[in-house]
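Q: My questions all concern the structure below.
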Amino acid sequence: MDKSDTNNLRARGWWTGLAIAALLLGLPLAVWLDLTSLADAALRRQASDLNSVIKSVRHYYAANVVGRILAHPGQVQVIHDYENVPGAIPIPATLSLELGKVIGEQQSNITYRFVSDYPFANRAPHQLDAFERDALAALRKDASENIVSASASLFSDSVRLVSPVTMAPACVACHNTHPESPKRDWKVGDVRGIQEVMITQPIAANLFSFKFLLAYFVLTAVCGVSFLTMQRRQSQKIVAMNRELETNNDFLASLSMKISRYIPPQIYKSIFSGQKDVTIHTERKKLTIFFSDIQNFTATTERLQPELITQLLNEYFTEMSEIAHRYGGTIDKFIGDAMLIFFGDPETKGDRADAQACVRMAWAMQRRLSELNAKWRAAGIEQPFRSRIGINSGYCNVGNFGSADRMDYTIIGAEANLAARLQSIAEPGGIVISYETYALVSDVVDAHALPSITMKGISREVVPYAVDHLRDGSEASAVVIEKVPGFDFRLDTAAVAATDNDRVRAVLLQALSSLDRRQPKAAE
């Protein structure tokens with residue numbers, strides 16, 4: 001991800017945060033605006049409904065009460081069938097029934113009913129539903145409170161309010177004496193019937209009253225969809241970047257694995273862990289230096305084909321490198337058929353421990369090479385490799401040498417050259433160490449001194465020591481291998497079963513006896 005993409009993501013994050021904050025602040029504002037609007041609409045609707053009801057009542061009163069009295073002065077009667085008598089006006093029950101019709105015609109959402117289960121004989125019975133019958137029965141038991149029922153459907157809400165119609169003294173006197181009254185024992189306060197007001201309000205009208213809140217939710221939905229779309233795009237970018245990072249990581253892992261084959265594992269680890277910088281830098285340390293070389297390697301290459309030499313040399317270096325890694329040695333380089341290894345940098349366990357590890361490594365290498373020679377002889381190679389090893393302990397310059405463009409991690413110093421010189425005087429299959437190394441490993445090896453040597457660049461006389469064997473026996477090999485003209489011998493004592501020990505001894509004694517019998521003939 002480049003810098004511009006990072007800045008764009010950061011800017012989008014800020015804008016997203018501001019949008020969320022604005023939406024959170026806008027919610028209470030939208031609710032307040034809608035409540036204000038809802039209260040205003042309710043007040044307007046109530047005022048309009050009340051105005052309409054009052055106008056209907058005034059119109060009815062003007063036409064059926066005042067108008068009739070003025071048209072027939074002195075002939076006023078209060079009867080239920082007032083329309084057929086000049087100057088008559090309706091009784092309260094008739095007035096209520098007819099007001100219900102007038103209000104229903106003027107208000108589509110308001111219904112007024114005046115009903116009773118005791119209608120006059122010349123009138124049709126009133127149709128009461130279950131709610132009205134139950135309300136009437138309840139009010140006759142207790143007429144102190146109104147009865148309200150609310151219901152809701154998918155598209156509308158409705159409220160039904162029922163109040164009692166009680167008998168006044170004038171009503172009792174009329175109903176108890178009227179020839180068409182179905183009941184003549186009315187008392188003041190009796191509930192004759194009910195008046196009911198039903199108001200229906202469509203849900204849509206209430207829903208759209210919350211226009212600001214709906215607008216807020218629409219805006220929130222738009223912002224949410226935009227945010228999800230942006231998040232999806234960012235997620236796709238992140239997935240693509242992760243995929244690219246995985247590809248790059250795989251490439252880097254493969255590349256680092258390839259690079260690790262060209263440098264010692266200790267150096268590789270210290271560089272990639274950040275312990276060492278890849279800069280030209282050296283320091284002086286006491287190291288134990290190992291140098292090995294294959295005897296008569298040039299002559300061996302002349303006898304064998306190049307492909308076979310390559311195969312044998314690669315197998316030899318592979319086995320020797322595995323042993324060097326096992327003992328913690330830093331492989332400096334391969335020089336033709338020679339190997340340069342040192343102990344003490346970049347990791348060290350102390351001068352004595354480093355020197356002992358180096359000698360143990362050298363002993364293990366010689367034993368392993370003996371085993372490889374047996375294998376190679378069985379494959380038809382008459383004279384395989386035999387190596388010489390020289391080991392020295394001393395101070396050298398170690399670190400990165402070279403230029404800013406090309407470096408080599410190596411050691412420089414006369415002590416490294418001395419290890420190469422000690423290798424040159426070692427017997428094939430032998431290990432020669434300097435006195436400095438012998439002083440550090442004398443408690444774990446048996447060695448004998450060789451004639452002293454002098455070397456250019458070193459003022460002191462060097463006393464070399466040939467290693468005979470490891471004193472603790474921990475690195476002794478169970479394999480004894482030797483080959484000279486007329487003698488091809490290999491003994492793996494670890495592989496010989498205990499039941500075969502006597503047979504092996506008998507064969508060896510027979511071989512010695514054969515040599516003893518040949519000795520006099522050679523003397524003659």
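Following the order of the structure tokens, first chain is A, next is B, and so on, with residues numbered from 1 inside each chain and ligands from 1 in the order they appear.
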Tell me, as number ranges by chain, which residues lie within 6 Å of region 409-424 of chain A, counting only C-alpha atoms; anything in the same chain fewer than 6 positions away does not count.

A: A: 291, 332, 388-392, 394, 396-400, 432

Q: Please, which residues of region 183-244 of chain A, numbered as in this document, come out strand (DSSP E or B) from DSSP, as a list in words?

A: Val191, Arg192, Gly193, Ile194, Gln195, Glu196, Val197, Met198, Ile199, Thr200, Gln201 and Pro202 of chain A

Q: Using C-alpha atoms, can you write the selected residues to a file as a compact mmCIF listing (two decimals), in the first residue's frame?

A:
```txt
# COMPACT_ATOMS: atom_id res chain seq x y z
CA VAL A 191 -79.23 3.75 33.09
CA ARG A 192 -81.65 3.75 30.18
CA GLY A 193 -79.01 3.35 27.43
CA ILE A 194 -75.55 4.40 26.30
CA GLN A 195 -74.04 6.95 24.03
CA GLU A 196 -70.93 5.85 22.17
CA VAL A 197 -68.23 7.82 20.37
CA MET A 198 -65.99 5.90 17.93
CA ILE A 199 -62.93 7.59 16.41
CA THR A 200 -60.85 5.88 13.73
CA GLN A 201 -57.38 7.09 12.77
CA PRO A 202 -55.55 5.62 9.74
```

Q: From a backbone DSSP assignment, name each residue in region 192-393 of chain A labelled alpha helix (DSSP H), as a PyMOL selection string.

A: chain A and resi 203-207+211-260+265-272+297-303+306-327+351-378

Q: Could you tell me how far CA of Ala378 (chain A) lies from CA of Ile335 (chain A), in Å and to one decimal?

A: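 These atoms are spaced 28.1 Å apart.
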
Q: Between CA of Ala355 (chain A) and CA of Asn296 (chain A), measure the distance and give it in Å to one decimal.

A: 27.9 Å

Q: Counting only C-alpha atoms, which of A:Asp157, A:Glu283, A:Asp117, A:Asp129 gets nearest to Ser181 (chain A)?

A: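 The shortest atom-to-atom distance to Ser181 (chain A) comes from A:Asp117.
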
Q: Let me make sure I understand: among A:Ser387, A:Asn242, A:Thr288, A:Ser156, which one has the smallest atom-to-atom distance to Ala338 (chain A) if we use only C-alpha atoms?

A: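 When distances to Ala338 (chain A) are compared using only C-alpha atoms, the smallest one comes from A:Ser387.
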
Q: What gap, in Å, lies between CA of Pro451 (chain A) and CA of Ser434 (chain A)?

A: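 That distance, rounded to one decimal, is 11.6 Å.
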
Q: I want to know what sits within 8 Å of Ala150 (chain A), based on only C-alpha atoms, with residues of the same chain fewer than 5 positions away left out; could you give that as a VMD selection string?

A: chain A and resid 157 to 160

Q: For those residues, write all heavy atoms to a file as a short mmCIF file (atom, residue, chain, number, x, y, z; two decimals), in the first residue's frame.

A:
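New file out11.cif:
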```cif
data_model
loop_
_atom_site.label_atom_id
_atom_site.label_comp_id
_atom_site.auth_asym_id
_atom_site.auth_seq_id
_atom_site.Cartn_x
_atom_site.Cartn_y
_atom_site.Cartn_z
N ASP A 157 -56.07 2.55 13.58
CA ASP A 157 -56.31 2.42 15.01
C ASP A 157 -57.70 3.01 15.30
O ASP A 157 -58.14 3.95 14.63
CB ASP A 157 -55.27 3.19 15.82
CG ASP A 157 -53.88 2.55 15.71
OD1 ASP A 157 -53.83 1.36 15.38
OD2 ASP A 157 -52.89 3.27 15.94
N SER A 158 -58.38 2.45 16.31
CA SER A 158 -59.71 2.97 16.65
C SER A 158 -59.92 2.94 18.15
O SER A 158 -59.35 2.09 18.84
CB SER A 158 -60.82 2.16 15.95
OG SER A 158 -60.77 0.82 16.40
N VAL A 159 -60.73 3.87 18.65
CA VAL A 159 -61.07 3.98 20.06
C VAL A 159 -62.59 4.08 20.18
O VAL A 159 -63.23 4.85 19.44
CB VAL A 159 -60.39 5.20 20.71
CG1 VAL A 159 -60.88 5.37 22.15
CG2 VAL A 159 -58.89 5.08 20.67
N ARG A 160 -63.19 3.31 21.10
CA ARG A 160 -64.62 3.37 21.35
C ARG A 160 -64.82 3.78 22.82
O ARG A 160 -64.31 3.10 23.73
CB ARG A 160 -65.27 2.01 21.10
CG ARG A 160 -65.08 1.52 19.68
CD ARG A 160 -65.65 0.14 19.49
NE ARG A 160 -67.11 0.14 19.55
CZ ARG A 160 -67.85 -0.97 19.36
NH1 ARG A 160 -67.25 -2.13 19.11
NH2 ARG A 160 -69.16 -0.89 19.43
#
```

Q: Between A:Phe385, A:Arg232, A:Glu244, A:Ala364, which is the closest to Thr301 (chain A) once you count only C-alpha atoms?

A: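 Of A:Phe385, A:Arg232, A:Glu244, A:Ala364, the one nearest Thr301 (chain A), counting only C-alpha atoms, is A:Phe385.
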
Q: Please determine, counting only C-alpha atoms, which residue among A:Gly402, A:Gly224, A:Pro306, A:Pro90 has the shortest atom-to-atom distance to Ala19 (chain A).

A: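 Nearest candidate to Ala19 (chain A) out of A:Gly402, A:Gly224, A:Pro306, A:Pro90: A:Gly224.
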
Q: Using only C-alpha atoms, which residue out of A:Thr229, A:Thr493, A:Asn249, A:Thr166 lies closest to Trp186 (chain A)?

A: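 Of A:Thr229, A:Thr493, A:Asn249, A:Thr166, the one nearest Trp186 (chain A) is A:Thr166, counting only C-alpha atoms.
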
Q: Within 8 Å of Leu313 (chain A), counting only C-alpha atoms, which residues show up once you throw out same-chain ones fewer than 4 positions away? Write them as an MDAnalysis selection string, please.

A: chainID A and resid 309 317 337

Q: May I have the residues from that selection written out with N, CA, C and O atoms, as a CSV table (one decimal), in the first residue's frame?

A:
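Written output follows (part_12.csv):
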```
chain,number,residue,atom,x,y,z
A,309,ILE,N,33.6,-37.2,-9.7
A,309,ILE,CA,34.3,-36.4,-8.7
A,309,ILE,C,33.3,-35.4,-8.1
A,309,ILE,O,33.3,-35.2,-6.9
A,317,PHE,N,31.2,-33.0,1.2
A,317,PHE,CA,31.0,-31.7,1.9
A,317,PHE,C,29.6,-31.7,2.6
A,317,PHE,O,29.5,-31.0,3.7
A,337,ASP,N,38.9,-28.5,-2.6
A,337,ASP,CA,38.5,-29.7,-1.8
A,337,ASP,C,38.8,-29.4,-0.3
A,337,ASP,O,38.6,-30.3,0.5
```
